[in-house]
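Structure record follows, encoded as structure tokens.
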Amino acid sequence: MVPTYILLALCIAFLWGIQPVIHKYLLKKINAITIMLISSMVYLFALLIKVSFSQTYTLFINDIRKLSPKDYLIITMTSVFSVFLANMIYYYILKDNETSIIVSLMYSAPIFTLLLSYLFLNERLEPVGIIGIFLIFLGVVCISLNNNTSKLFDSSNDIE
């Protein structure tokens with residue numbers, strides 16, 4: 001039997017996988033900032049509902065009290081760079097490029113996560129992890145070539 005966390009992770013992968021298709025569709029009609037603003041408002045509203053109707057409210061208040069100014073700075077910088085800036089770049093390149101290529105490059109993030117967690121969190125980097133990095137890289141290359149292979153071998157693109 002497949003463990004629940006694997007099924008849930010695949011569910012997340014599916015949900016994140018349909019997101020760029022929807023975003024690309026919307027980018028044909030509206031500006032990226034509009035998508036980001038509406039998405040952020042809906043996300044905030046959903047979070048407020050979650051916090052209001054669960055035990056999360058007391059946890060949230062307790063966590064707020066525990067945070068130091070340095071913690072607030074870390075959260076702020078992470079939000080600016082990992083969320084806002086990354087999303088701005090994402091929408092900018094998604095609008096005019098192949099969705100599958102952009103997303104496959106984005107989801108090569110485990111390569112960076114594995115290496116950075118090894119360097120900064122002292123997590124283990126074993127041979128199977130290195131093989132995984134290689135396979136992710138190979139997968140990204142293959143997906144990137146998916147829509148461009150015919151262009152590589154098309155002789156009409158050659159400069160005469």
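Here, A, B, ... name the chains of the structure tokens in the order displayed, residue numbers run from 1 inside each chain, and ligands are numbered from 1 in the same displayed order.
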
Contacts of range 134-142 of chain A at 6 Å or less, counting only C-alpha atoms, minus same-chain residues fewer than 3 places along, as a PDB file with N, CA and C atoms, in the first residue's frame?
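Output file selection30.pdb is given in full below:
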```pdb
ATOM      1  N   SER A 104       9.602  23.022 -16.018  1.00  0.00           N
ATOM      2  CA  SER A 104      10.610  21.990 -15.731  1.00  0.00           C
ATOM      3  C   SER A 104      11.874  22.620 -15.161  1.00  0.00           C
ATOM      4  N   ILE A 131      22.855  11.020  -7.479  1.00  0.00           N
ATOM      5  CA  ILE A 131      22.225  10.390  -8.645  1.00  0.00           C
ATOM      6  C   ILE A 131      20.897  11.084  -8.935  1.00  0.00           C
ATOM      7  N   LEU A 145      13.918  19.840 -24.326  1.00  0.00           N
ATOM      8  CA  LEU A 145      14.079  19.494 -25.737  1.00  0.00           C
ATOM      9  C   LEU A 145      12.776  19.011 -26.364  1.00  0.00           C
TER      10      LEU A 145
END
```

Neighbour list for range 35-49 of chain A as a PDB file with N, CA and C atoms, in the first residue's frame, cut-off 10 Å, only C-alpha atoms, skip fewer than 2 positions in-chain:
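The result, stored in selection02.pdb:
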```pdb
ATOM      1  N   HIS A  23      -2.202  29.830 -15.436  1.00  0.00           N
ATOM      2  CA  HIS A  23      -1.543  31.143 -15.472  1.00  0.00           C
ATOM      3  C   HIS A  23      -1.262  31.582 -16.904  1.00  0.00           C
ATOM      4  N   LEU A  26      -4.414  32.773 -18.451  1.00  0.00           N
ATOM      5  CA  LEU A  26      -4.803  34.085 -17.934  1.00  0.00           C
ATOM      6  C   LEU A  26      -3.899  35.204 -18.438  1.00  0.00           C
ATOM      7  N   LEU A  27      -2.607  34.906 -18.624  1.00  0.00           N
ATOM      8  CA  LEU A  27      -1.673  35.932 -19.097  1.00  0.00           C
ATOM      9  C   LEU A  27      -2.000  36.423 -20.502  1.00  0.00           C
ATOM     10  N   ILE A  30      -4.908  39.068 -19.098  1.00  0.00           N
ATOM     11  CA  ILE A  30      -4.671  40.081 -18.063  1.00  0.00           C
ATOM     12  C   ILE A  30      -3.199  40.132 -17.669  1.00  0.00           C
ATOM     13  N   ASN A  31      -2.862  41.182 -16.955  1.00  0.00           N
ATOM     14  CA  ASN A  31      -1.506  41.448 -16.499  1.00  0.00           C
ATOM     15  C   ASN A  31      -1.113  40.518 -15.353  1.00  0.00           C
ATOM     16  N   ALA A  32       0.176  40.204 -15.256  1.00  0.00           N
ATOM     17  CA  ALA A  32       0.688  39.338 -14.188  1.00  0.00           C
ATOM     18  C   ALA A  32       0.411  39.916 -12.803  1.00  0.00           C
ATOM     19  N   ILE A  33       0.527  41.223 -12.658  1.00  0.00           N
ATOM     20  CA  ILE A  33       0.279  41.864 -11.362  1.00  0.00           C
ATOM     21  C   ILE A  33      -1.167  41.625 -10.919  1.00  0.00           C
ATOM     22  N   VAL A  51      -7.644  29.986   9.878  1.00  0.00           N
ATOM     23  CA  VAL A  51      -7.241  30.396  11.230  1.00  0.00           C
ATOM     24  C   VAL A  51      -8.467  30.621  12.121  1.00  0.00           C
ATOM     25  N   SER A  52      -9.510  31.201  11.565  1.00  0.00           N
ATOM     26  CA  SER A  52     -10.706  31.518  12.353  1.00  0.00           C
ATOM     27  C   SER A  52     -11.468  30.288  12.826  1.00  0.00           C
ATOM     28  N   PHE A  53     -11.477  29.254  12.027  1.00  0.00           N
ATOM     29  CA  PHE A  53     -12.290  28.078  12.337  1.00  0.00           C
ATOM     30  C   PHE A  53     -11.469  26.867  12.760  1.00  0.00           C
ATOM     31  N   SER A  54     -10.349  27.111  13.402  1.00  0.00           N
ATOM     32  CA  SER A  54      -9.531  25.977  13.861  1.00  0.00           C
ATOM     33  C   SER A  54      -8.728  26.397  15.086  1.00  0.00           C
ATOM     34  N   TYR A  57      -5.552  29.565  15.436  1.00  0.00           N
ATOM     35  CA  TYR A  57      -5.510  30.946  15.921  1.00  0.00           C
ATOM     36  C   TYR A  57      -4.609  31.080  17.147  1.00  0.00           C
ATOM     37  N   PHE A  84       7.653  36.974  -4.020  1.00  0.00           N
ATOM     38  CA  PHE A  84       7.337  38.092  -4.909  1.00  0.00           C
ATOM     39  C   PHE A  84       8.249  38.142  -6.137  1.00  0.00           C
ATOM     40  N   ASN A  87       7.910  35.103  -8.387  1.00  0.00           N
ATOM     41  CA  ASN A  87       6.656  35.129  -9.143  1.00  0.00           C
ATOM     42  C   ASN A  87       6.683  36.162 -10.264  1.00  0.00           C
ATOM     43  N   MET A  88       7.275  37.317 -10.009  1.00  0.00           N
ATOM     44  CA  MET A  88       7.391  38.326 -11.071  1.00  0.00           C
ATOM     45  C   MET A  88       8.185  37.775 -12.257  1.00  0.00           C
ATOM     46  N   TYR A  91       6.070  34.933 -14.092  1.00  0.00           N
ATOM     47  CA  TYR A  91       5.042  35.422 -15.006  1.00  0.00           C
ATOM     48  C   TYR A  91       5.661  36.080 -16.235  1.00  0.00           C
TER      49      TYR A  91
END
```

Neighbouring residues of Val21 in chain A were defined as those with any atom within 10 Å, considering only C-alpha atoms; residues of the same chain fewer than 6 positions away were excluded. Please report them as a PDB file with N, CA and C atoms, in the first residue's frame.
```pdb
ATOM      1  N   LEU A  27      -2.607  34.906 -18.624  1.00  0.00           N
ATOM      2  CA  LEU A  27      -1.673  35.932 -19.097  1.00  0.00           C
ATOM      3  C   LEU A  27      -2.000  36.423 -20.502  1.00  0.00           C
ATOM      4  N   LEU A  94       6.949  33.183 -18.379  1.00  0.00           N
ATOM      5  CA  LEU A  94       5.892  32.249 -18.775  1.00  0.00           C
ATOM      6  C   LEU A  94       5.058  32.803 -19.920  1.00  0.00           C
ATOM      7  N   THR A  99       5.482  26.664 -21.730  1.00  0.00           N
ATOM      8  CA  THR A  99       5.131  26.368 -20.346  1.00  0.00           C
ATOM      9  C   THR A  99       5.921  25.187 -19.811  1.00  0.00           C
ATOM     10  N   SER A 100       6.019  24.110 -20.585  1.00  0.00           N
ATOM     11  CA  SER A 100       6.695  22.901 -20.101  1.00  0.00           C
ATOM     12  C   SER A 100       8.174  23.154 -19.818  1.00  0.00           C
ATOM     13  N   VAL A 103       8.427  25.514 -16.555  1.00  0.00           N
ATOM     14  CA  VAL A 103       8.081  24.792 -15.337  1.00  0.00           C
ATOM     15  C   VAL A 103       9.106  23.705 -15.017  1.00  0.00           C
TER      16      VAL A 103
END
```

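The residue set within 9 Å of Leu125 in chain A, counting only C-alpha atoms and dropping same-chain residues fewer than 5 places from it, reads Leu114, Leu115, Ser117, Tyr118 and Ile130 of chain A.
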
Given the selection you just returned, output its residues as a file containing C-alpha atoms, formatted as a compact mmCIF listing (two decimals), in the first residue's frame.
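Output file part-v4.txt is given in full below:
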```txt
# COMPACT_ATOMS: atom_id res chain seq x y z
CA LEU A 114 19.60 19.33 -1.65
CA LEU A 115 22.85 21.23 -2.14
CA SER A 117 20.54 21.95 2.86
CA TYR A 118 23.83 20.05 2.74
CA ILE A 130 23.79 12.89 -6.23
```

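Rounded to one decimal, CA of Asn62 in chain A and CA of Tyr5 in chain A lie 27.7 Å from each other.
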
Just the number, please: distance in Å from CA of Lys28 in chain A to CA of Asp96 in chain A, one decimal.
9.6 Å

Could you find all residues in chain A that DSSP calls helix (DSSP H, G or I) from the backbone, and write them as a ChimeraX atom specification?
/A:4-27,32-52,56-66,69-96,99-106,109-121,127-146,149-152,155-157
